[in-house]
Amino acid sequence: MRYPKITIVTPSFNQGAFLEKTIQSVVAQNYPNLEYLIIDGGSADDSLDTIRKYEPHLSYWVSEPDKGQSHAINKGLARASGELLGWLNSDDYLLPGALEKVARAYLEDPTVGAVYGQGHIVDDDGAVIYTPLLRPVTLESLYDWCYGNDFMQPSCLFTKEAWEECGPLDESIHISLDVDLWLKIAKKYKFRRLNDVLSHSLGHAGAKTIAFRNLMKVDLALVISQHGGEKSARRILESQAKKLTELEAFWRHLGTNPLFKVVRRYISWRLKKKQVISPHWK
């Protein structure tokens, strides 16, 4: 078998609690033609100790302030020399043999722009908490990303040709940056589907898709609309508006209860104490 060169970029910022497992999942692939880069945003935790530990397995790494996840990925992929490219966030993990499975599928049809497989969101114990329906990808199917036509980003690699044609990532997008790229690729290339499970994503409280779930849907609607999916974007926004209206009615009703006034003051105090998580990073 010819092993096409694969470039994986891991963007990271203060993700020391998860980073080692992410790196190990790439190293353990034992893929014979791998280029692995880590772009750290100047972490202040133990991330650098972990990166240095695995430095012999890395083609390149850097730790310096950047403009967020999209910028970090672009920095890494600007150095990529692989035939197949992808990024693996620092709380995502490849499953054994994932890269070789993607490589084999690509070699069967090198005209494709991307190869994608199944993935799961898992909890801290490894239990599956979400699995997308793995359907064929077209431009029209991507418009319905919110309604069962999604796939896990770490389970997708794209070709160098598709990246040069459709990249880089739009650095003004901080949540739906992957969907924006998929839409661009789908306008010009085919996606090849694999039924194999290729990756796991950790569903923890700091993950952007969990911490900013509602903002993610608004961000997604804007991205889809920019690519011609106005009807689907309206559907997403109308659904969010309906939820907001129902919530406002609930709070108005709840506000008539004298006991709630005391509870509301406590909630307000707790929210002020709560650490703010930036949507720029997963």
# chains A, B, ... in the order shown; residues from 1 in each chain; ligands from 1
>>> residues_around(residues="range 170-173 of chain A", least_positions_apart="6", cutoff="10 Å", atoms="only C-alpha atoms", output="list in words")
Lys67, Gly68, Gln69, Ser70, His71, Ala72, Ile73, Asn74, Asp180, Leu181, Asp219, Leu220, Leu222, Val223, Pro279 and His280 of chain A
>>> write_last_selection(atoms="N, CA, C and O atoms", output="PDB file, in the first residue's frame")
ATOM      1  N   LYS A  67      -4.803  34.446  17.723  1.00  0.00           N
ATOM      2  CA  LYS A  67      -6.102  35.114  17.672  1.00  0.00           C
ATOM      3  C   LYS A  67      -7.266  34.159  17.898  1.00  0.00           C
ATOM      4  O   LYS A  67      -8.419  34.531  17.657  1.00  0.00           O
ATOM      5  N   GLY A  68      -6.972  32.939  18.320  1.00  0.00           N
ATOM      6  CA  GLY A  68      -8.041  31.980  18.560  1.00  0.00           C
ATOM      7  C   GLY A  68      -7.859  30.700  17.768  1.00  0.00           C
ATOM      8  O   GLY A  68      -6.868  30.498  17.063  1.00  0.00           O
ATOM      9  N   GLN A  69      -8.839  29.831  17.887  1.00  0.00           N
ATOM     10  CA  GLN A  69      -8.747  28.494  17.313  1.00  0.00           C
ATOM     11  C   GLN A  69      -8.563  28.513  15.792  1.00  0.00           C
ATOM     12  O   GLN A  69      -7.706  27.801  15.248  1.00  0.00           O
ATOM     13  N   SER A  70      -9.381  29.299  15.098  1.00  0.00           N
ATOM     14  CA  SER A  70      -9.276  29.357  13.632  1.00  0.00           C
ATOM     15  C   SER A  70      -7.889  29.805  13.190  1.00  0.00           C
ATOM     16  O   SER A  70      -7.299  29.230  12.266  1.00  0.00           O
ATOM     17  N   HIS A  71      -7.376  30.821  13.862  1.00  0.00           N
ATOM     18  CA  HIS A  71      -6.042  31.337  13.532  1.00  0.00           C
ATOM     19  C   HIS A  71      -4.971  30.286  13.781  1.00  0.00           C
ATOM     20  O   HIS A  71      -4.050  30.101  12.970  1.00  0.00           O
ATOM     21  N   ALA A  72      -5.090  29.569  14.898  1.00  0.00           N
ATOM     22  CA  ALA A  72      -4.102  28.535  15.219  1.00  0.00           C
ATOM     23  C   ALA A  72      -4.101  27.423  14.178  1.00  0.00           C
ATOM     24  O   ALA A  72      -3.040  26.951  13.748  1.00  0.00           O
ATOM     25  N   ILE A  73      -5.278  26.998  13.760  1.00  0.00           N
ATOM     26  CA  ILE A  73      -5.371  25.943  12.743  1.00  0.00           C
ATOM     27  C   ILE A  73      -4.779  26.430  11.422  1.00  0.00           C
ATOM     28  O   ILE A  73      -4.034  25.703  10.753  1.00  0.00           O
ATOM     29  N   ASN A  74      -5.096  27.644  11.048  1.00  0.00           N
ATOM     30  CA  ASN A  74      -4.536  28.209   9.809  1.00  0.00           C
ATOM     31  C   ASN A  74      -3.013  28.275   9.871  1.00  0.00           C
ATOM     32  O   ASN A  74      -2.324  27.984   8.877  1.00  0.00           O
ATOM     33  N   ASP A 180     -18.291  25.932   7.826  1.00  0.00           N
ATOM     34  CA  ASP A 180     -17.978  26.885   6.760  1.00  0.00           C
ATOM     35  C   ASP A 180     -17.027  26.268   5.745  1.00  0.00           C
ATOM     36  O   ASP A 180     -17.217  26.407   4.532  1.00  0.00           O
ATOM     37  N   LEU A 181     -16.014  25.539   6.231  1.00  0.00           N
ATOM     38  CA  LEU A 181     -15.073  24.882   5.317  1.00  0.00           C
ATOM     39  C   LEU A 181     -15.749  23.761   4.554  1.00  0.00           C
ATOM     40  O   LEU A 181     -15.539  23.604   3.345  1.00  0.00           O
ATOM     41  N   ASP A 219     -24.564  31.137  15.161  1.00  0.00           N
ATOM     42  CA  ASP A 219     -23.356  31.190  14.343  1.00  0.00           C
ATOM     43  C   ASP A 219     -23.520  30.301  13.112  1.00  0.00           C
ATOM     44  O   ASP A 219     -23.170  30.685  11.993  1.00  0.00           O
ATOM     45  N   LEU A 220     -24.073  29.113  13.325  1.00  0.00           N
ATOM     46  CA  LEU A 220     -24.289  28.170  12.229  1.00  0.00           C
ATOM     47  C   LEU A 220     -25.282  28.732  11.211  1.00  0.00           C
ATOM     48  O   LEU A 220     -25.063  28.616   9.997  1.00  0.00           O
ATOM     49  N   LEU A 222     -25.862  31.825  10.479  1.00  0.00           N
ATOM     50  CA  LEU A 222     -25.206  32.876   9.705  1.00  0.00           C
ATOM     51  C   LEU A 222     -24.292  32.277   8.634  1.00  0.00           C
ATOM     52  O   LEU A 222     -24.268  32.744   7.491  1.00  0.00           O
ATOM     53  N   VAL A 223     -23.547  31.232   9.008  1.00  0.00           N
ATOM     54  CA  VAL A 223     -22.645  30.580   8.054  1.00  0.00           C
ATOM     55  C   VAL A 223     -23.437  29.946   6.911  1.00  0.00           C
ATOM     56  O   VAL A 223     -23.102  30.118   5.728  1.00  0.00           O
ATOM     57  N   PRO A 279     -15.706  31.907  23.684  1.00  0.00           N
ATOM     58  CA  PRO A 279     -16.094  31.059  22.557  1.00  0.00           C
ATOM     59  C   PRO A 279     -15.003  30.917  21.514  1.00  0.00           C
ATOM     60  O   PRO A 279     -15.158  30.179  20.559  1.00  0.00           O
ATOM     61  N   HIS A 280     -13.879  31.641  21.692  1.00  0.00           N
ATOM     62  CA  HIS A 280     -12.781  31.540  20.733  1.00  0.00           C
ATOM     63  C   HIS A 280     -12.102  30.190  20.798  1.00  0.00           C
ATOM     64  O   HIS A 280     -11.418  29.777  19.864  1.00  0.00           O
TER      65      HIS A 280
END
>>> select_by_dssp(residues="range 195-252 of chain A", states="strand (DSSP E or B)", output="list in words")
Asn195, Asp196, Val197, Leu198, Ser199, His200, Ser201 and Leu202 of chain A
>>> closest_residue(among="A:His120, A:Lys21, A:His200, A:Arg213", to="Leu95 in chain A", atoms="only C-alpha atoms")
A:His200
>>> residues_around(residues="range 46-59 of chain A", least_positions_apart="6", cutoff="12 Å", atoms="only C-alpha atoms", output="PyMOL selection string")
chain A and resi 6-40+76+79-82+90
>>> closest_residue(among="A:Cys156, A:Val62, A:Met1, A:Met216", to="Ile175 in chain A", atoms="only C-alpha atoms")
A:Met216
>>> select_by_dssp(residues="range 20-181 of chain A", states="alpha helix (DSSP H)", output="ChimeraX atom specification")
/A:20-27,47-53,69-77,98-108,139-143,160-166,177-181
>>> closest_atom_pairs(of="range 179-234 of chain A", to="range 140-155 of chain A", cutoff="9 Å", atoms="only C-alpha atoms", output="Markdown table")
| residue | atom | partner | partner_atom | distance |
| --- | --- | --- | --- | --- |
| A:Val179 | CA | A:Leu142 | CA | 7.8 |
| A:Trp182 | CA | A:Leu142 | CA | 7.8 |
| A:Leu183 | CA | A:Leu142 | CA | 6.7 |
| A:Ala186 | CA | A:Leu142 | CA | 8.5 |
| A:Val197 | CA | A:Ser155 | CA | 7.8 |
| A:Leu198 | CA | A:Ser155 | CA | 5.3 |
| A:Ser199 | CA | A:Ser155 | CA | 5.5 |
| A:His200 | CA | A:Pro154 | CA | 7.8 |
| A:Ser201 | CA | A:Pro154 | CA | 7.8 |
| A:Lys217 | CA | A:Cys146 | CA | 7.7 |
| A:Leu220 | CA | A:Cys146 | CA | 8.3 |
| A:Ala221 | CA | A:Tyr143 | CA | 8.9 |
| A:Ile224 | CA | A:Tyr143 | CA | 6.0 |
| A:Ser225 | CA | A:Tyr143 | CA | 8.5 |
| A:His227 | CA | A:Tyr143 | CA | 8.6 |
| A:Gly228 | CA | A:Tyr143 | CA | 8.5 |
| A:Gly229 | CA | A:Tyr143 | CA | 5.6 |
| A:Glu230 | CA | A:Tyr143 | CA | 8.7 |
| A:Lys231 | CA | A:Tyr143 | CA | 8.7 |
| A:Ser232 | CA | A:Tyr143 | CA | 6.0 |
| A:Ala233 | CA | A:Tyr143 | CA | 7.8 |
